[in-house]
Structure formats: C-alpha cells, structure tokens
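Asks: So that we are looking at the same thing, I have put the structure below in structure tokens.
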Amino acid sequence: MASLNLRLNSSISSKIDTSTIFKLKNGRFNACNVFASLNLDTKTYPSTKVKLGVSKSEEIMAAEAKYLVGTYARAPVVIERGKGCKLFDVEGKEYLDMTSGIAVNALGHCDPEYVNAIKEQADTVIHTSNVYYTQPQVDLAKRLVECSFGDRVFFSNSGTEANEAAIKFSRKFQRHLHPNEEDPPAEFVTFTNSFHGRTMGALALTSKENYRSPFQPVMPGATFLEYGNIEAATEVIKRGKTAAVFVEPIQGEGGIYSATQEFLQSLRSACDDAGALLVFDEVQCGLGRTGYLWAHESYGVFPDIMTLAKPLAGGLPIGAVLVTERVASAIAPGDHGSTFAGSPGICKPALVVLEKIMKPEFLASVSKKGKYLKELLLQKLEGNKHVKEVRGLGLIVGIELDVPASPLVDACRKSGLLVLTAGKGNVVRLVPPLVISEQELKFAVDILSECMPVLDIEEPK
Ligand code: PLP
C-alpha cells in the first residue's frame, strides 16, 4: 500500500495538520487538498522520504476521491474485515454492524458454512454464462419456488435489475394477453416514498424527485400515488391502461413504512379487476428480515411477481424475479437475459443462505429479536423530544426524528456503532444481520441512547 511520503522539511511538516488537510468535501475526501495545501509535488522530492502522520484510512479515502467517480457520499470508515456482526477498520477499530451492508449480510460476516460454499464452488466452476445449464442455478430456483407463491424464477445481478426485468415481464405479459391490440396496457402505478432502483425503468418507479430529475426523460408511463391511499389506487388502476402496480410491502429507503393489510388487499383486488399485475418489491424487506420468509406473508396477500435481491446471496451480487406460471407463459427465449446472472459461483452460496433463513426456528428468532429491539428502543428513547416514532417489523426498524439523523449516525459511528439513515434523512434505519444476538442489540441501543444528546447541539449558523 502506497503511503504519502514527503521530504523531511521542518518548515513544511510543522504546518501539517492532517485533520484539516483531509477535509471532507461534499461528504468526500479531497486528495487534491493534501497536495495543494502542502504546496509541493511529492515527485520532486524522491530522496529522503519520511512518512507523515497520515493514517491508512486517510490514504485510502484520498485515493478514492482521486480515482473513483463521485457517486457516493461515504462515511469516513475504511473497512478491512468482518466477523459475525462486527466490522473492523484498517486501523483495527471495532464496530457493531447494524447496517449489514444495507440489509444484505443476513448471516453476518464470514459465516463459515457460507464461506465454504463460496470456496468449494470457486474450486469447481464460478461462471458459465446462461448458454449452458448448471446444477446450482436450478437448485436455487427450485428451492425458491418450493418456498414461495412463485412457479418460476428469473435471476439477475441486483435489485434494480430484478425490477427492470419485472417491468419488461409486465409489459410482455400484457402484450401476450392482448395480441390484437396495438397499444396493450403499458403503464405502471407506484407510490410515494418508493425505491425500486436506479436504472431508467426502475428509476421511473422511484419516488424521490432528485434521483430522477437529472436523468429525465426516464421511462414514461408511471403514476405515483400516496402509499396507503386505497381510494386513489382503486380509481387509478385501470383496465386497458395499467400493466402493473409496483409496491414494497414495507418501504426501506423511503423511511420504514409498513403497508396495511387493507391497502395491499385493495391493490390485489384492483389489479384483478383491471387485469393488471401486482408486483411486490421485497428486495429489502424480503427473505426473513420481518421474521416471515416473505414480508407479504404477514399480510396474507400474494403478488403475481416478486423481486428479491440484497440478502439472497449473503453479499454476493444477485437478484431474482419470482413469477406465477401465467406470467412466465408470456416470456419467450430472447425476451430478457444476462451474462452473469444465476452463475454457479453465486447460486451455490445463495442456497446456503436461503436454507438457513427459511428454517422456522431462524425466522422465529428474527421475530423475537425484532420485538426485543423495539421494546428496548421504546424504553430507552421514550420521552426524548426528538423521537417521533419507532416503527418496523422484525429486524427492519426505523426511528423517526424531528431533526436530521446524520449527527446521531456520526456520533454512533465514533462510538463504534454503524447505523443508516432513511426517508428524508430524518429516520435512523436499523437493519442488522439477522444472526445478531440480544446482547448485541442491547449494546446498540445503549450507544444510540447515549448519543442522543448530540441532537440537542445547535448547528453553528
Ligand atoms: N428495491 C428496493 C426496495 C431497494 O431497497 C433497493 C435498494 O436499496 C433496490 C430495489 C435496488 O437494489 P440494488 O441496489 O441492488 O440495485
């Protein structure tokens, strides 16, 4: 690893204060600042090199700022390794991970059985393309079908791609259903606070205006309705017009909002009446996170299509679209595809993840821990003037604040706890590995409550 090496020069080194040099600019480290404020070019001084007080984290963050496209406002932590629910940065600092890679590492970090599956498959064959058949892909699809409403599976590489496939399948389904119509139903209904991804189709169904507006025109034909508004949905979902309705049974990015049973039931009925498909996006809330294998099971309402991704391969990239036979029958070879998707290198470890999560005792433990977490949060945070609501199901929990959550998130991180934001930045999102212990949950809530006073500090004007 390269380090920032400079010629020893007291007049220079005395001026160096890395904490001010390595400023976060727009949430990113600025490498240029380092060199500009020192006013020298390291290449000019190649001889006697002395390492200044620049940490390994700072070096990596500076290099990131120089070499990567600035799409992420990252937290200033450089992770080196993980074990269970702990992460360690390159300086060896330990963090309790209540983020699990944004609801991905359901089994925590480095689960031995999962790691072995990766190693074994890597030693066998990692990738073949979908030109050929492989056993792990078929095994994973079979298991997903056995434990869900779905009859068939399409694999993709991410959540956004799963939704993109669901959009195409919905349009193709309608075309197949109305072979003699010039304009079969092609429109989509989606909801406030929705997040379905960042490709042009999935983005068109994502509510956040500032995610969409720089990239207009996105896919036309999406109507946004208020999440939970049964009347609006019944009015807008129309025969001859609506191809499909996309909805998250529990919204993650949007701020941890759960649908009501009546709302999902009314969408089901409206779709049936209009001949539209009902698509549940369970990319974040699915696969055991709620204490149910599928979030929609808790509502007793079933979709025509469900999209999955995040935890399915425990951290390796995967997405999946589960469809009924009726939907699958509209799809023909060549309609959609992917070079990487469903590779044996990913499906084999995904099977390990799925088998573990779907066990009734595993799901029951998620429910129990979810209740415990909410109880602790209510106990410790109740009465705090900034806490508006604690909500969620199982281990997808949101704490809504009346102020931005980022000072609290930063303070928690400094105290060794990683948490996320959601919503309009005013919600603390807790999506820990599903294997987290009650002791770890207590530790997390203790840190959170100890850090709450940071919300009382007024920002300097
Ligand atoms: N759908 C939902 C509900 C999500 O939460 C996300 C990501 O956060 C996506 C889709 C997009 O998934 P990905 O980031 O894997 O493309």
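Residue numbers start at 1 in each chain; chains themselves are named A, B, ... in the order of the structure tokens; ligands are numbered from 1 in the order shown.
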Using only C-alpha atoms and all ligand atoms, find each residue in chain A having at least one atom no more than 7 Å away from ligand 1; report its shortest atom-to-atom pair and that distance in Å (one decimal), rows by chain then rising number, as CSV.

Replies:
```
residue,atom,partner,partner_atom_place_in_ligand_line,distance
A:Ser158,CA,ligand 1,15 (O),3.9
A:Gly159,CA,ligand 1,12 (O),3.3
A:Thr160,CA,ligand 1,16 (O),3.7
A:Glu161,CA,ligand 1,16 (O),6.3
A:Asn163,CA,ligand 1,10 (C),6.9
A:Phe195,CA,ligand 1,2 (C),5.3
A:His196,CA,ligand 1,1 (N),3.8
A:Gly197,CA,ligand 1,11 (C),3.9
A:Arg198,CA,ligand 1,16 (O),6.7
A:Glu248,CA,ligand 1,3 (C),6.1
A:Gln251,CA,ligand 1,3 (C),6.5
A:Gly252,CA,ligand 1,5 (O),5.5
A:Glu253,CA,ligand 1,5 (O),5.6
A:Asp281,CA,ligand 1,3 (C),5.5
A:Glu282,CA,ligand 1,3 (C),5.9
A:Val283,CA,ligand 1,2 (C),4.7
A:Gln284,CA,ligand 1,5 (O),4.5
A:Ala309,CA,ligand 1,15 (O),6.0
A:Lys310,CA,ligand 1,15 (O),5.9
```

Asks: With N, CA and C atoms retained, could you export that selection as a short mmCIF file (atom, residue, chain, number, x, y, z; two decimals), in the first residue's frame?

Replies:
```cif
data_model
loop_
_atom_site.label_atom_id
_atom_site.label_comp_id
_atom_site.auth_asym_id
_atom_site.auth_seq_id
_atom_site.Cartn_x
_atom_site.Cartn_y
_atom_site.Cartn_z
N SER A 158 -28.88 -7.76 -9.40
CA SER A 158 -29.11 -6.72 -8.39
C SER A 158 -30.61 -6.50 -8.26
N GLY A 159 -30.97 -5.66 -7.29
CA GLY A 159 -32.38 -5.34 -7.09
C GLY A 159 -32.95 -4.52 -8.23
N THR A 160 -32.18 -3.54 -8.67
CA THR A 160 -32.69 -2.70 -9.76
C THR A 160 -32.90 -3.54 -11.02
N GLU A 161 -32.00 -4.46 -11.27
CA GLU A 161 -32.16 -5.32 -12.45
C GLU A 161 -33.34 -6.27 -12.30
N ASN A 163 -36.07 -5.49 -10.76
CA ASN A 163 -37.25 -4.67 -11.06
C ASN A 163 -37.34 -4.34 -12.55
N PHE A 195 -38.80 3.11 -3.43
CA PHE A 195 -37.47 3.00 -4.03
C PHE A 195 -37.40 1.66 -4.74
N HIS A 196 -37.19 1.71 -6.07
CA HIS A 196 -37.14 0.46 -6.83
C HIS A 196 -35.83 0.30 -7.59
N GLY A 197 -34.94 1.31 -7.53
CA GLY A 197 -33.65 1.16 -8.18
C GLY A 197 -33.29 2.35 -9.05
N ARG A 198 -32.16 2.23 -9.75
CA ARG A 198 -31.59 3.41 -10.40
C ARG A 198 -31.40 3.28 -11.90
N GLU A 248 -43.71 -1.86 -2.36
CA GLU A 248 -42.93 -2.53 -1.31
C GLU A 248 -43.87 -2.77 -0.13
N GLN A 251 -41.64 -0.30 3.12
CA GLN A 251 -40.69 0.55 2.41
C GLN A 251 -39.43 0.73 3.25
N GLY A 252 -38.28 0.48 2.60
CA GLY A 252 -37.00 0.58 3.31
C GLY A 252 -36.38 1.96 3.17
N GLU A 253 -35.85 2.26 1.98
CA GLU A 253 -35.18 3.55 1.74
C GLU A 253 -36.12 4.71 2.08
N ASP A 281 -42.10 -5.61 -4.42
CA ASP A 281 -40.64 -5.45 -4.36
C ASP A 281 -40.22 -5.78 -2.93
N GLU A 282 -39.65 -6.97 -2.79
CA GLU A 282 -39.17 -7.40 -1.47
C GLU A 282 -37.65 -7.45 -1.45
N VAL A 283 -37.05 -6.58 -2.25
CA VAL A 283 -35.59 -6.52 -2.33
C VAL A 283 -34.99 -6.25 -0.95
N GLN A 284 -35.61 -5.35 -0.18
CA GLN A 284 -35.07 -5.01 1.14
C GLN A 284 -35.82 -5.72 2.28
N ALA A 309 -33.43 -9.47 -3.86
CA ALA A 309 -32.00 -9.25 -4.16
C ALA A 309 -31.22 -9.32 -2.85
N LYS A 310 -30.97 -8.16 -2.28
CA LYS A 310 -29.99 -7.92 -1.21
C LYS A 310 -29.45 -9.15 -0.47
#
```

Asks: Excluding same-chain residues fewer than 6 positions from stretch 450-460 of chain A, what lies within 10 Å of it counting only C-alpha atoms, as a ChimeraX atom specification?

Replies: /A:380-381,384-387,401-415,444

Asks: List every residue of stretch 41-246 of chain A that DSSP, applied to the backbone of this structure, places in helix (DSSP H, G or I), and write the result as a PyMOL selection string.

Replies: chain A and resi 42-44+56-67+100-103+112-122+135-146+159-177+200-204+209-215+230-236

Asks: As an MDAnalysis selection string, please: the residues near A:Ala103 (cut-off 8 Å, only C-alpha atoms, same-chain neighbours under 3 positions excluded).

Replies: chainID A and resid 99:100 106 284 310:311 431:433

Asks: Residues within 10 Å of A:Leu293, please, as a ChimeraX atom specification. Count only C-alpha atoms; anything in the same chain fewer than 2 positions from it doesn't count.

Replies: /A:147-148,285-291,295-298,354,357-360,362-363

Asks: Excluding A:Pro112 and its own-chain neighbours fewer than 6 positions away, which residues fall within 12 Å of it when counting only C-alpha atoms? Please give them as a PDB file with N, CA and C atoms, in the first residue's frame.

Replies:
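The result, stored in result-v8.pdb:
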```pdb
ATOM      1  N   LYS A  83     -16.472 -10.120  11.117  1.00  0.00           N
ATOM      2  CA  LYS A  83     -16.702 -11.433  11.724  1.00  0.00           C
ATOM      3  C   LYS A  83     -18.021 -11.351  12.486  1.00  0.00           C
ATOM      4  N   GLY A  84     -18.968 -12.223  12.154  1.00  0.00           N
ATOM      5  CA  GLY A  84     -20.274 -12.170  12.817  1.00  0.00           C
ATOM      6  C   GLY A  84     -20.924 -10.819  12.560  1.00  0.00           C
ATOM      7  N   ILE A 118     -18.680 -20.825  -0.959  1.00  0.00           N
ATOM      8  CA  ILE A 118     -18.018 -19.971  -1.963  1.00  0.00           C
ATOM      9  C   ILE A 118     -16.711 -20.622  -2.398  1.00  0.00           C
ATOM     10  N   LYS A 119     -15.941 -21.058  -1.402  1.00  0.00           N
ATOM     11  CA  LYS A 119     -14.625 -21.643  -1.724  1.00  0.00           C
ATOM     12  C   LYS A 119     -14.780 -22.900  -2.581  1.00  0.00           C
ATOM     13  N   GLU A 120     -15.697 -23.759  -2.161  1.00  0.00           N
ATOM     14  CA  GLU A 120     -15.870 -25.023  -2.888  1.00  0.00           C
ATOM     15  C   GLU A 120     -16.318 -24.779  -4.323  1.00  0.00           C
ATOM     16  N   PRO A 349     -23.582 -20.495  -2.922  1.00  0.00           N
ATOM     17  CA  PRO A 349     -23.673 -19.877  -1.586  1.00  0.00           C
ATOM     18  C   PRO A 349     -25.060 -19.325  -1.274  1.00  0.00           C
ATOM     19  N   VAL A 352     -27.104 -21.816   0.480  1.00  0.00           N
ATOM     20  CA  VAL A 352     -26.772 -21.929   1.906  1.00  0.00           C
ATOM     21  C   VAL A 352     -27.536 -20.857   2.693  1.00  0.00           C
ATOM     22  N   VAL A 353     -27.543 -19.623   2.158  1.00  0.00           N
ATOM     23  CA  VAL A 353     -28.241 -18.521   2.835  1.00  0.00           C
ATOM     24  C   VAL A 353     -29.731 -18.845   2.944  1.00  0.00           C
TER      25      VAL A 353
END
```

Asks: So that I can see what lies close to A:Val390, please list as a ChimeraX atom specification the residues with an atom at most 10 Å from it, counting only C-alpha atoms and leaving out residues fewer than 6 positions away in the same chain.

Replies: /A:256,374-375,377-378,381-382,397-401,427-428

Asks: Include N, CA and C atoms and write out the residues we just selected as a PDB file, in the first residue's frame.

Replies:
```pdb
ATOM      1  N   ILE A 256     -38.966   3.234   6.276  1.00  0.00           N
ATOM      2  CA  ILE A 256     -39.538   2.124   7.075  1.00  0.00           C
ATOM      3  C   ILE A 256     -41.038   2.377   7.336  1.00  0.00           C
ATOM      4  N   LYS A 374     -37.374  -3.433  19.483  1.00  0.00           N
ATOM      5  CA  LYS A 374     -38.354  -2.332  19.557  1.00  0.00           C
ATOM      6  C   LYS A 374     -38.671  -1.957  21.011  1.00  0.00           C
ATOM      7  N   GLU A 375     -38.797  -3.002  21.847  1.00  0.00           N
ATOM      8  CA  GLU A 375     -39.058  -2.735  23.281  1.00  0.00           C
ATOM      9  C   GLU A 375     -37.937  -1.908  23.891  1.00  0.00           C
ATOM     10  N   LEU A 377     -35.802   0.017  22.400  1.00  0.00           N
ATOM     11  CA  LEU A 377     -35.779   1.375  21.837  1.00  0.00           C
ATOM     12  C   LEU A 377     -36.848   2.236  22.495  1.00  0.00           C
ATOM     13  N   LEU A 378     -38.028   1.642  22.674  1.00  0.00           N
ATOM     14  CA  LEU A 378     -39.110   2.414  23.284  1.00  0.00           C
ATOM     15  C   LEU A 378     -38.767   2.779  24.727  1.00  0.00           C
ATOM     16  N   LEU A 381     -35.666   5.356  24.536  1.00  0.00           N
ATOM     17  CA  LEU A 381     -35.811   6.617  23.794  1.00  0.00           C
ATOM     18  C   LEU A 381     -37.122   7.329  24.089  1.00  0.00           C
ATOM     19  N   GLU A 382     -38.028   6.599  24.734  1.00  0.00           N
ATOM     20  CA  GLU A 382     -39.331   7.214  25.018  1.00  0.00           C
ATOM     21  C   GLU A 382     -39.120   8.494  25.833  1.00  0.00           C
ATOM     22  N   VAL A 397     -36.141  -1.773  11.260  1.00  0.00           N
ATOM     23  CA  VAL A 397     -36.709  -0.853  12.247  1.00  0.00           C
ATOM     24  C   VAL A 397     -36.267   0.572  11.928  1.00  0.00           C
ATOM     25  N   GLY A 398     -37.199   1.500  12.054  1.00  0.00           N
ATOM     26  CA  GLY A 398     -36.882   2.907  11.824  1.00  0.00           C
ATOM     27  C   GLY A 398     -37.193   3.736  13.058  1.00  0.00           C
ATOM     28  N   ILE A 399     -36.327   4.709  13.335  1.00  0.00           N
ATOM     29  CA  ILE A 399     -36.589   5.674  14.418  1.00  0.00           C
ATOM     30  C   ILE A 399     -36.750   7.025  13.734  1.00  0.00           C
ATOM     31  N   GLU A 400     -37.980   7.512  13.686  1.00  0.00           N
ATOM     32  CA  GLU A 400     -38.198   8.810  13.030  1.00  0.00           C
ATOM     33  C   GLU A 400     -37.915   9.946  14.004  1.00  0.00           C
ATOM     34  N   LEU A 401     -37.124  10.901  13.542  1.00  0.00           N
ATOM     35  CA  LEU A 401     -36.742  12.049  14.369  1.00  0.00           C
ATOM     36  C   LEU A 401     -37.385  13.317  13.821  1.00  0.00           C
ATOM     37  N   VAL A 427     -34.726   9.676   9.466  1.00  0.00           N
ATOM     38  CA  VAL A 427     -35.029   8.368  10.063  1.00  0.00           C
ATOM     39  C   VAL A 427     -33.714   7.600  10.252  1.00  0.00           C
ATOM     40  N   VAL A 428     -33.503   7.074  11.462  1.00  0.00           N
ATOM     41  CA  VAL A 428     -32.376   6.160  11.684  1.00  0.00           C
ATOM     42  C   VAL A 428     -32.889   4.773  11.326  1.00  0.00           C
TER      43      VAL A 428
END
```
